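Pasting work_30.tsv here (TSV, C-alpha atoms and all ligand atoms):
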```
chain	number	residue	atom	x	y	z
A	1	MET	CA	13.44	14.26	19.07
A	2	GLU	CA	15.40	15.65	22.01
A	3	SER	CA	18.51	16.65	20.10
A	4	ILE	CA	19.46	17.34	16.51
A	5	LYS	CA	22.65	17.92	14.53
A	6	VAL	CA	22.36	19.98	11.35
A	7	HIS	CA	24.69	21.29	8.68
A	8	ALA	CA	24.20	24.78	7.27
A	9	PRO	CA	26.15	25.44	4.06
A	10	ALA	CA	28.54	28.30	3.44
A	11	THR	CA	27.43	30.69	0.72
A	12	VAL	CA	28.75	33.07	-1.91
A	13	ALA	CA	26.72	36.30	-1.82
A	14	ASN	CA	26.60	39.14	-4.38
A	15	VAL	CA	28.23	36.93	-7.07
A	16	GLY	CA	29.75	40.12	-8.50
A	17	CYS	CA	26.87	42.11	-9.95
A	18	GLY	CA	24.13	41.26	-7.42
A	19	TYR	CA	24.96	43.26	-4.29
A	20	ASP	CA	22.58	42.15	-1.49
A	21	THR	CA	20.42	40.48	-4.14
A	22	ILE	CA	21.82	37.07	-5.15
A	23	GLY	CA	23.79	34.25	-3.55
A	24	PHE	CA	24.40	30.52	-3.87
A	25	ALA	CA	25.08	27.65	-1.49
A	26	LEU	CA	28.40	25.80	-1.58
A	27	ASP	CA	28.81	22.05	-1.54
A	28	GLY	CA	30.91	20.51	1.23
A	29	VAL	CA	31.66	23.73	3.13
A	30	TYR	CA	29.34	24.12	6.09
A	31	GLU	CA	28.82	24.89	9.74
A	32	GLU	CA	27.61	22.24	12.20
A	33	ILE	CA	24.99	23.12	14.80
A	34	ILE	CA	23.83	20.74	17.53
A	35	VAL	CA	20.70	21.80	19.39
A	36	SER	CA	19.28	19.92	22.41
A	37	LYS	CA	16.14	20.53	24.44
A	38	ARG	CA	16.55	21.84	28.00
A	39	SER	CA	14.21	21.35	30.92
A	40	ASP	CA	14.07	25.13	31.55
A	41	ASP	CA	13.29	27.94	29.09
A	42	ARG	CA	16.81	29.31	28.59
A	43	LEU	CA	18.78	29.52	25.33
A	44	VAL	CA	22.33	28.53	26.25
A	45	LEU	CA	25.39	28.61	24.01
A	46	GLN	CA	27.41	25.73	25.39
A	47	ALA	CA	30.32	26.06	22.96
A	48	ILE	CA	31.42	27.68	19.72
A	49	GLU	CA	34.35	25.81	18.20
A	50	GLY	CA	36.52	27.40	15.51
A	51	ALA	CA	35.87	31.05	16.34
A	52	ASP	CA	36.39	33.39	19.24
A	53	LEU	CA	32.78	34.57	19.68
A	54	SER	CA	30.71	35.62	22.66
A	55	LEU	CA	28.61	32.94	24.37
A	56	ASP	CA	26.14	35.63	25.47
A	57	PRO	CA	22.82	34.56	23.86
A	58	GLU	CA	21.89	38.20	23.31
A	59	GLN	CA	25.05	38.76	21.28
A	60	ASN	CA	25.00	35.69	19.07
A	61	VAL	CA	23.21	35.31	15.73
A	62	ALA	CA	22.16	31.70	16.39
A	63	THR	CA	20.33	32.38	19.65
A	64	ILE	CA	18.91	35.69	18.40
A	65	ALA	CA	17.45	33.91	15.36
A	66	ALA	CA	16.15	31.01	17.49
A	67	LYS	CA	14.52	33.47	19.90
A	68	ALA	CA	12.77	35.22	17.00
A	69	LEU	CA	11.23	31.87	15.99
A	70	LEU	CA	10.17	30.99	19.56
A	71	ASP	CA	8.67	34.46	20.03
A	72	TYR	CA	6.66	34.01	16.83
A	73	PHE	CA	5.14	30.81	18.25
A	74	GLY	CA	4.85	32.32	21.73
A	75	ILE	CA	6.60	29.21	23.03
A	76	LYS	CA	8.64	29.24	26.24
A	77	ALA	CA	11.20	26.49	25.62
A	78	GLY	CA	14.89	26.16	26.33
A	79	PHE	CA	17.68	24.81	24.13
A	80	ASP	CA	21.42	24.21	24.31
A	81	PHE	CA	23.49	25.17	21.27
A	82	HIS	CA	26.85	23.76	20.26
A	83	ILE	CA	28.30	25.34	17.12
A	84	LYS	CA	31.27	24.07	15.11
A	85	LYS	CA	32.59	26.56	12.60
A	86	PHE	CA	34.55	24.95	9.80
A	87	PHE	CA	35.02	28.31	8.08
A	88	LYS	CA	35.80	31.44	10.03
A	89	PRO	CA	33.61	34.50	10.62
A	90	GLY	CA	34.83	37.48	8.60
A	91	SER	CA	35.75	35.25	5.64
A	92	GLY	CA	33.06	36.37	3.20
A	93	LEU	CA	31.40	32.93	3.18
A	94	GLY	CA	28.37	33.88	5.26
A	95	SER	CA	29.42	32.42	8.60
A	96	SER	CA	26.87	34.41	10.60
A	97	ALA	CA	24.16	33.53	8.07
A	98	SER	CA	24.94	29.81	8.38
A	99	SER	CA	24.73	30.06	12.18
A	100	ALA	CA	21.41	31.89	12.02
A	101	ALA	CA	19.93	29.59	9.35
A	102	GLY	CA	21.19	26.41	11.04
A	103	ALA	CA	19.95	27.42	14.48
A	104	VAL	CA	16.46	28.31	13.29
A	105	TYR	CA	16.27	25.18	11.16
A	106	ALA	CA	17.39	22.95	14.06
A	107	VAL	CA	15.10	24.50	16.69
A	108	ASN	CA	12.14	24.35	14.28
A	109	GLN	CA	12.67	20.58	13.88
A	110	LEU	CA	12.42	20.16	17.67
A	111	LEU	CA	9.11	22.05	17.95
A	112	PRO	CA	5.72	20.29	18.07
A	113	ASN	CA	4.39	21.92	14.86
A	114	PRO	CA	7.38	22.91	12.77
A	115	LEU	CA	7.10	25.49	10.01
A	116	LYS	CA	8.12	24.73	6.44
A	117	THR	CA	11.80	25.54	5.82
A	118	SER	CA	10.80	28.30	3.39
A	119	GLU	CA	8.82	29.97	6.20
A	120	LEU	CA	11.91	30.23	8.41
A	121	LEU	CA	13.73	32.89	6.41
A	122	PRO	CA	12.44	35.96	8.33
A	123	PHE	CA	13.67	34.48	11.64
A	124	ALA	CA	17.10	33.55	10.28
A	125	LEU	CA	17.27	37.06	8.85
A	126	GLU	CA	16.80	38.53	12.36
A	127	GLY	CA	20.03	36.82	13.47
A	128	GLU	CA	21.93	37.82	10.33
A	129	ALA	CA	20.79	41.44	10.71
A	130	PHE	CA	22.30	41.54	14.20
A	131	ALA	CA	25.72	40.46	12.86
A	132	SER	CA	25.93	42.69	9.83
A	133	LYS	CA	23.87	45.62	11.20
A	134	CYS	CA	21.48	45.52	8.26
A	135	TYR	CA	18.97	43.20	6.64
A	136	HIS	CA	20.44	41.27	3.75
A	137	ALA	CA	19.30	37.77	2.83
A	138	ASP	CA	21.74	36.90	0.06
A	139	ASN	CA	23.71	34.60	2.41
A	140	VAL	CA	20.99	33.47	4.77
A	141	ALA	CA	18.48	32.45	2.06
A	142	PRO	CA	20.81	30.11	0.14
A	143	SER	CA	22.23	28.70	3.39
A	144	LEU	CA	18.73	27.89	4.62
A	145	LEU	CA	17.18	26.77	1.32
A	146	GLY	CA	20.16	25.77	-0.83
A	147	GLY	CA	20.50	26.73	-4.48
A	148	PHE	CA	21.08	30.05	-6.23
A	149	ILE	CA	18.62	32.54	-4.77
A	150	VAL	CA	17.49	35.96	-5.99
A	151	ILE	CA	16.04	38.33	-3.37
A	152	ARG	CA	13.61	40.41	-5.43
A	153	SER	CA	12.33	42.47	-2.52
A	154	TYR	CA	12.98	42.91	1.18
A	155	ASP	CA	9.68	44.61	1.97
A	156	PRO	CA	7.77	42.46	1.44
A	157	LEU	CA	10.33	39.66	1.49
A	158	ASP	CA	10.15	37.96	-1.90
A	159	TYR	CA	12.70	35.60	-3.39
A	160	PHE	CA	13.03	32.81	-5.94
A	161	ALA	CA	15.57	30.21	-7.06
A	162	LEU	CA	17.60	30.19	-10.25
A	163	PRO	CA	19.00	27.06	-11.87
A	164	ILE	CA	22.39	26.31	-10.37
A	165	ALA	CA	25.43	25.83	-12.57
A	166	ASP	CA	26.33	22.53	-10.92
A	167	GLU	CA	28.73	21.60	-13.70
A	168	LEU	CA	31.03	24.50	-12.79
A	169	HIS	CA	33.87	24.09	-10.32
A	170	VAL	CA	33.92	26.79	-7.66
A	171	LEU	CA	37.29	27.70	-6.21
A	172	ILE	CA	37.18	29.73	-3.01
A	173	VAL	CA	40.37	31.65	-2.27
A	174	ARG	CA	40.56	32.93	1.29
A	175	PRO	CA	43.57	35.03	2.28
A	176	SER	CA	43.91	35.23	6.05
A	177	VAL	CA	42.75	38.77	6.66
A	178	GLU	CA	39.48	39.53	8.40
A	179	VAL	CA	36.88	41.79	6.78
A	180	LYS	CA	33.83	42.60	8.90
A	181	THR	CA	30.65	42.78	6.83
A	182	SER	CA	29.44	45.80	8.82
A	183	GLU	CA	32.66	47.69	7.92
A	184	ALA	CA	32.72	46.52	4.30
A	185	LYS	CA	29.14	47.73	3.96
A	186	GLY	CA	30.23	51.14	5.23
A	187	ILE	CA	32.47	51.79	2.22
A	188	VAL	CA	29.94	50.86	-0.48
A	189	PRO	CA	28.57	54.02	-2.15
A	190	LYS	CA	25.26	55.24	-0.73
A	191	SER	CA	24.03	56.50	-4.09
A	192	LEU	CA	24.71	55.70	-7.74
A	193	ASP	CA	24.71	57.66	-10.96
A	194	ILE	CA	22.34	56.36	-13.61
A	195	ALA	CA	25.12	55.11	-15.92
A	196	THR	CA	26.56	52.90	-13.16
A	197	ALA	CA	23.12	51.62	-12.20
A	198	ARG	CA	22.35	50.84	-15.85
A	199	ASN	CA	25.58	48.84	-16.22
A	200	GLN	CA	24.86	46.93	-13.03
A	201	TRP	CA	21.28	45.93	-13.74
A	202	GLY	CA	22.26	45.01	-17.31
A	203	ASN	CA	24.81	42.61	-15.86
A	204	LEU	CA	22.39	41.19	-13.30
A	205	ALA	CA	19.74	40.49	-15.94
A	206	SER	CA	22.41	38.98	-18.18
A	207	LEU	CA	23.76	36.73	-15.39
A	208	ILE	CA	20.27	35.34	-14.79
A	209	HIS	CA	19.86	34.58	-18.50
A	210	ALA	CA	23.35	33.00	-18.62
A	211	LEU	CA	22.43	30.59	-15.81
A	212	HIS	CA	19.23	29.57	-17.60
A	213	VAL	CA	20.89	28.91	-20.94
A	214	LYS	CA	24.26	27.81	-19.51
A	215	ASP	CA	26.18	30.41	-21.50
A	216	TRP	CA	29.45	30.58	-19.60
A	217	SER	CA	31.07	33.37	-21.63
A	218	ARG	CA	27.99	35.49	-20.92
A	219	LEU	CA	28.24	34.52	-17.26
A	220	LYS	CA	31.85	35.67	-17.16
A	221	ALA	CA	31.04	39.07	-18.68
A	222	SER	CA	27.98	39.54	-16.43
A	223	ILE	CA	29.67	38.90	-13.10
A	224	GLU	CA	31.51	42.24	-13.36
A	225	ASP	CA	30.52	44.55	-10.49
A	226	PHE	CA	30.41	48.35	-10.70
A	227	ILE	CA	29.32	48.98	-7.10
A	228	ALA	CA	31.09	46.99	-4.36
A	229	GLU	CA	34.16	45.48	-6.03
A	230	PRO	CA	35.77	48.83	-7.00
A	231	VAL	CA	35.84	49.99	-3.35
A	232	ARG	CA	36.15	46.67	-1.52
A	233	LYS	CA	39.01	45.17	-3.53
A	234	SER	CA	41.46	47.40	-1.65
A	235	LEU	CA	40.60	45.39	1.52
A	236	ILE	CA	41.87	42.19	-0.12
A	237	PRO	CA	45.61	41.68	-0.61
A	238	ASP	CA	46.67	41.08	-4.23
A	239	TYR	CA	43.08	40.94	-5.45
A	240	GLU	CA	43.84	42.04	-9.01
A	241	GLU	CA	46.80	39.66	-9.31
A	242	ALA	CA	44.66	36.71	-8.18
A	243	LYS	CA	41.94	37.73	-10.67
A	244	VAL	CA	44.43	37.89	-13.55
A	245	ILE	CA	45.73	34.39	-12.71
A	246	ALA	CA	42.18	32.98	-12.61
A	247	HIS	CA	41.35	34.58	-15.97
A	248	ASP	CA	44.61	33.24	-17.46
A	249	HIS	CA	43.19	29.79	-16.66
A	250	GLU	CA	39.86	30.13	-18.42
A	251	CYS	CA	37.91	31.15	-15.34
A	252	VAL	CA	34.27	31.95	-16.23
A	253	GLY	CA	33.64	34.32	-13.35
A	254	PHE	CA	35.75	35.85	-10.60
A	255	ASN	CA	34.82	38.29	-7.89
A	256	ILE	CA	34.66	38.95	-4.16
A	257	SER	CA	32.61	36.43	-2.17
A	258	GLY	CA	30.17	38.43	-0.06
A	259	SER	CA	32.05	41.24	1.62
A	260	GLY	CA	35.38	39.40	1.32
A	261	PRO	CA	38.21	38.69	1.82
A	262	SER	CA	37.31	35.38	0.15
A	263	MET	CA	37.15	35.41	-3.61
A	264	PHE	CA	35.30	32.95	-5.83
A	265	ALA	CA	36.45	31.72	-9.22
A	266	LEU	CA	34.32	29.56	-11.53
A	267	PHE	CA	35.83	27.03	-13.94
A	268	ILE	CA	34.48	24.59	-16.51
A	269	GLN	CA	37.66	22.46	-16.45
A	270	MET	CA	38.89	21.07	-13.16
A	271	GLU	CA	42.48	20.99	-14.47
A	272	GLN	CA	42.32	24.74	-15.05
A	273	MET	CA	41.04	25.28	-11.53
A	274	ILE	CA	43.92	23.23	-10.09
A	275	LYS	CA	46.48	25.23	-12.10
A	276	ALA	CA	44.95	28.54	-11.02
A	277	LYS	CA	44.87	27.39	-7.40
A	278	LYS	CA	48.59	26.51	-7.53
A	279	GLU	CA	49.55	29.89	-9.02
A	280	ILE	CA	47.37	31.88	-6.63
A	281	SER	CA	48.80	29.86	-3.73
A	282	ASP	CA	52.34	30.71	-4.92
A	283	LEU	CA	51.36	34.39	-5.25
A	284	TYR	CA	50.25	34.61	-1.62
A	285	ALA	CA	53.14	32.44	-0.35
A	286	LYS	CA	55.63	34.86	-1.99
A	287	LYS	CA	53.98	37.74	-0.13
A	288	GLY	CA	54.01	35.81	3.17
A	289	ILE	CA	50.19	35.77	3.32
A	290	ILE	CA	48.53	32.56	4.52
A	291	CYS	CA	45.76	31.59	2.11
A	292	ASP	CA	43.24	28.74	2.30
A	293	PHE	CA	41.28	27.23	-0.56
A	294	PHE	CA	38.00	25.35	-0.83
A	295	GLU	CA	37.20	23.37	-3.98
A	296	SER	CA	33.44	23.26	-4.22
A	297	ARG	CA	30.40	23.48	-6.46
A	298	MET	CA	27.10	25.30	-6.37
A	299	SER	CA	24.62	23.16	-4.46
A	300	ASN	CA	20.87	22.82	-4.08
A	301	GLN	CA	21.34	21.52	-0.55
A	302	GLY	CA	20.44	23.99	2.18
A	303	CYS	CA	20.28	23.24	5.91
A	304	ASN	CA	19.96	19.52	6.48
A	305	VAL	CA	19.65	17.05	9.33
A	306	ILE	CA	22.72	14.92	10.00
A	307	GLU	CA	21.45	13.17	13.11
A	308	GLY	CA	18.42	13.34	15.40
A	309	LYS	CA	17.74	11.46	18.60
B	401	LIG	N1	25.60	41.28	0.45
B	401	LIG	C1	26.41	41.34	1.62
B	401	LIG	C2	27.44	42.42	1.41
B	401	LIG	C3	27.07	40.01	1.83
B	401	LIG	O1	28.06	42.43	0.36
B	401	LIG	O2	27.66	43.24	2.28
B	401	LIG	C4	27.91	39.94	3.07
B	401	LIG	O3	28.52	38.67	3.15
```
Show me, as structure tokens, the structure contained in the file I just sent.
Amino acid sequence: MESIKVHAPATVANVGCGYDTIGFALDGVYEEIIVSKRSDDRLVLQAIEGADLSLDPEQNVATIAAKALLDYFGIKAGFDFHIKKFFKPGSGLGSSASSAAGAVYAVNQLLPNPLKTSELLPFALEGEAFASKCYHADNVAPSLLGGFIVIRSYDPLDYFALPIADELHVLIVRPSVEVKTSEAKGIVPKSLDIATARNQWGNLASLIHALHVKDWSRLKASIEDFIAEPVRKSLIPDYEEAKVIAHDHECVGFNISGSGPSMFALFIQMEQMIKAKKEISDLYAKKGIICDFFESRMSNQGCNVIEGK
């Protein structure tokens, strides 16, 4: 192959109680990355559509991640990158992670002896770390691999997949304010008292059980976050009001998606999701805040090839 087009899904990280630890891939919300071989050994960002980002390869997550993979192989090869962002950076849907995962996945497919997709995570993580100024894999792992991923350990990197709740409807609510992950990380407490930590790990264990046994009332109770949500919700306009509306419509889990400002709401009944979406839309319209929505589901699909030639 000389050229490849891949899709890298958007992701919901943290999922309430799992700060930097859990995340899932979304269905139908993705970034498109086209990578083509060059005759020289340069990595060139030809275009980034849908976001105002630097085309400097040393300042972009996609090329930084791709370079990490090429360095690992010791290969001198050049590639052109064309990125189409269908969801904006700073949305809380893991835009930088999708770029990093998609770029590494695409370049790997064009190499003579590609690695397995599961072996690509450390390289994608290099790109993501540049964007958010710290290593966190809860977006990049589900974008690369699909599914609902738990990061057990960063050193050594160890992760595993949970069963996805593919029968749940996932509503993404994205008010049009930008929250930079690096800044949102800065306001999360650096230390915890034992009572808070106990509440949090109780919820995380409970969420994992809820996904296995498909106990949605347990899922709803478990998603509560004692660490990031209390400080980050102030960055999101009308967060509490939106949460109340979702819960009034039998939502089985609501919280901040990643570092925000997007929020996710989980529903068993599609009709309830539609009603909640309408009321949340009216809430933001009344305040003069533009708000987008994605109707999605959890998905086992990670990065995937759309076209190769
Ligand atoms: N776990 C990361 C954070 C996700 O909450 O900062 C960023 O999208």
message: With distances taken over all atoms listed in the file, which residue among A:Ser153, A:Gln269, A:Ser259, A:Asn304 lies nearest ligand LIG 401 (chain B)?
response: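 Smallest separation from ligand LIG 401 (chain B) among the options: A:Ser259.
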task: Show which residues sit within 10 Å of A:Leu26, as JSON, numbers by chain. Count only C-alpha atoms, and ignore same-chain residues fewer than 4 positions away.
output: {"A": [8, 9, 10, 11, 12, 30, 93, 142, 143, 146, 147, 148, 170, 172, 294, 295, 296, 297, 298, 299, 300, 301, 302]}
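The spacing separating atom CA of A:Ile149 from atom CA of A:Ala161 amounts to 4.5 Å.
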query: What residues have any atom no more than 9 Å from ligand LIG 401 (chain B) when counting only C-alpha atoms and all ligand atoms, and can you list them as a VMD selection string?
result: chain A and resid 11 to 14 18 to 23 90 to 97 132 134 136 to 139 180 to 186 188 228 256 to 260
- prompt: For the atom pair atom CA of A:Asp225 and atom CA of A:Val15, what is the interatomic distance in Å to one decimal place?
  reply: 8.7 Å
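If you look at atom CA of A:Asn199 and atom CA of A:Pro230, they are 13.7 Å away from each other.
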task: Mind checking which residues fall within 12 Å of A:Pro156, counting all atoms listed in the file, ignoring those fewer than 4 positions away in the same chain, and posting them as a PyMOL selection string?
output: chain A and resi 122+151-152
field: Nearest to A:Met1, chosen from A:Ala101, A:Ile289, A:Val252, A:Leu111, with only C-alpha atoms counted in the distances
entry: A:Leu111
Fewer than 6 positions away in the same chain doesn't count, so skip those; otherwise give me all residues within 9 Å of A:Ile33, counting all atoms listed in the file, as an mmCIF file with C-alpha atoms, keeping the file's coordinate frame.
```cif
data_model
loop_
_atom_site.group_PDB
_atom_site.id
_atom_site.type_symbol
_atom_site.label_atom_id
_atom_site.label_comp_id
_atom_site.auth_asym_id
_atom_site.auth_seq_id
_atom_site.Cartn_x
_atom_site.Cartn_y
_atom_site.Cartn_z
ATOM 1 C CA ILE A 4 19.460 17.340 16.510
ATOM 2 C CA LYS A 5 22.650 17.920 14.530
ATOM 3 C CA VAL A 6 22.360 19.980 11.350
ATOM 4 C CA HIS A 7 24.690 21.290 8.680
ATOM 5 C CA ALA A 8 24.200 24.780 7.270
ATOM 6 C CA PHE A 81 23.490 25.170 21.270
ATOM 7 C CA HIS A 82 26.850 23.760 20.260
ATOM 8 C CA ILE A 83 28.300 25.340 17.120
ATOM 9 C CA LYS A 84 31.270 24.070 15.110
ATOM 10 C CA LYS A 85 32.590 26.560 12.600
ATOM 11 C CA SER A 99 24.730 30.060 12.180
ATOM 12 C CA GLY A 102 21.190 26.410 11.040
ATOM 13 C CA ALA A 103 19.950 27.420 14.480
ATOM 14 C CA ALA A 106 17.390 22.950 14.060
#
```
field: Spatial neighbours of A:Ala197, max dist 9 Å, only C-alpha atoms, sep filter under 5 positions, as a ChimeraX atom specification
entry: /A:192,202,226-227
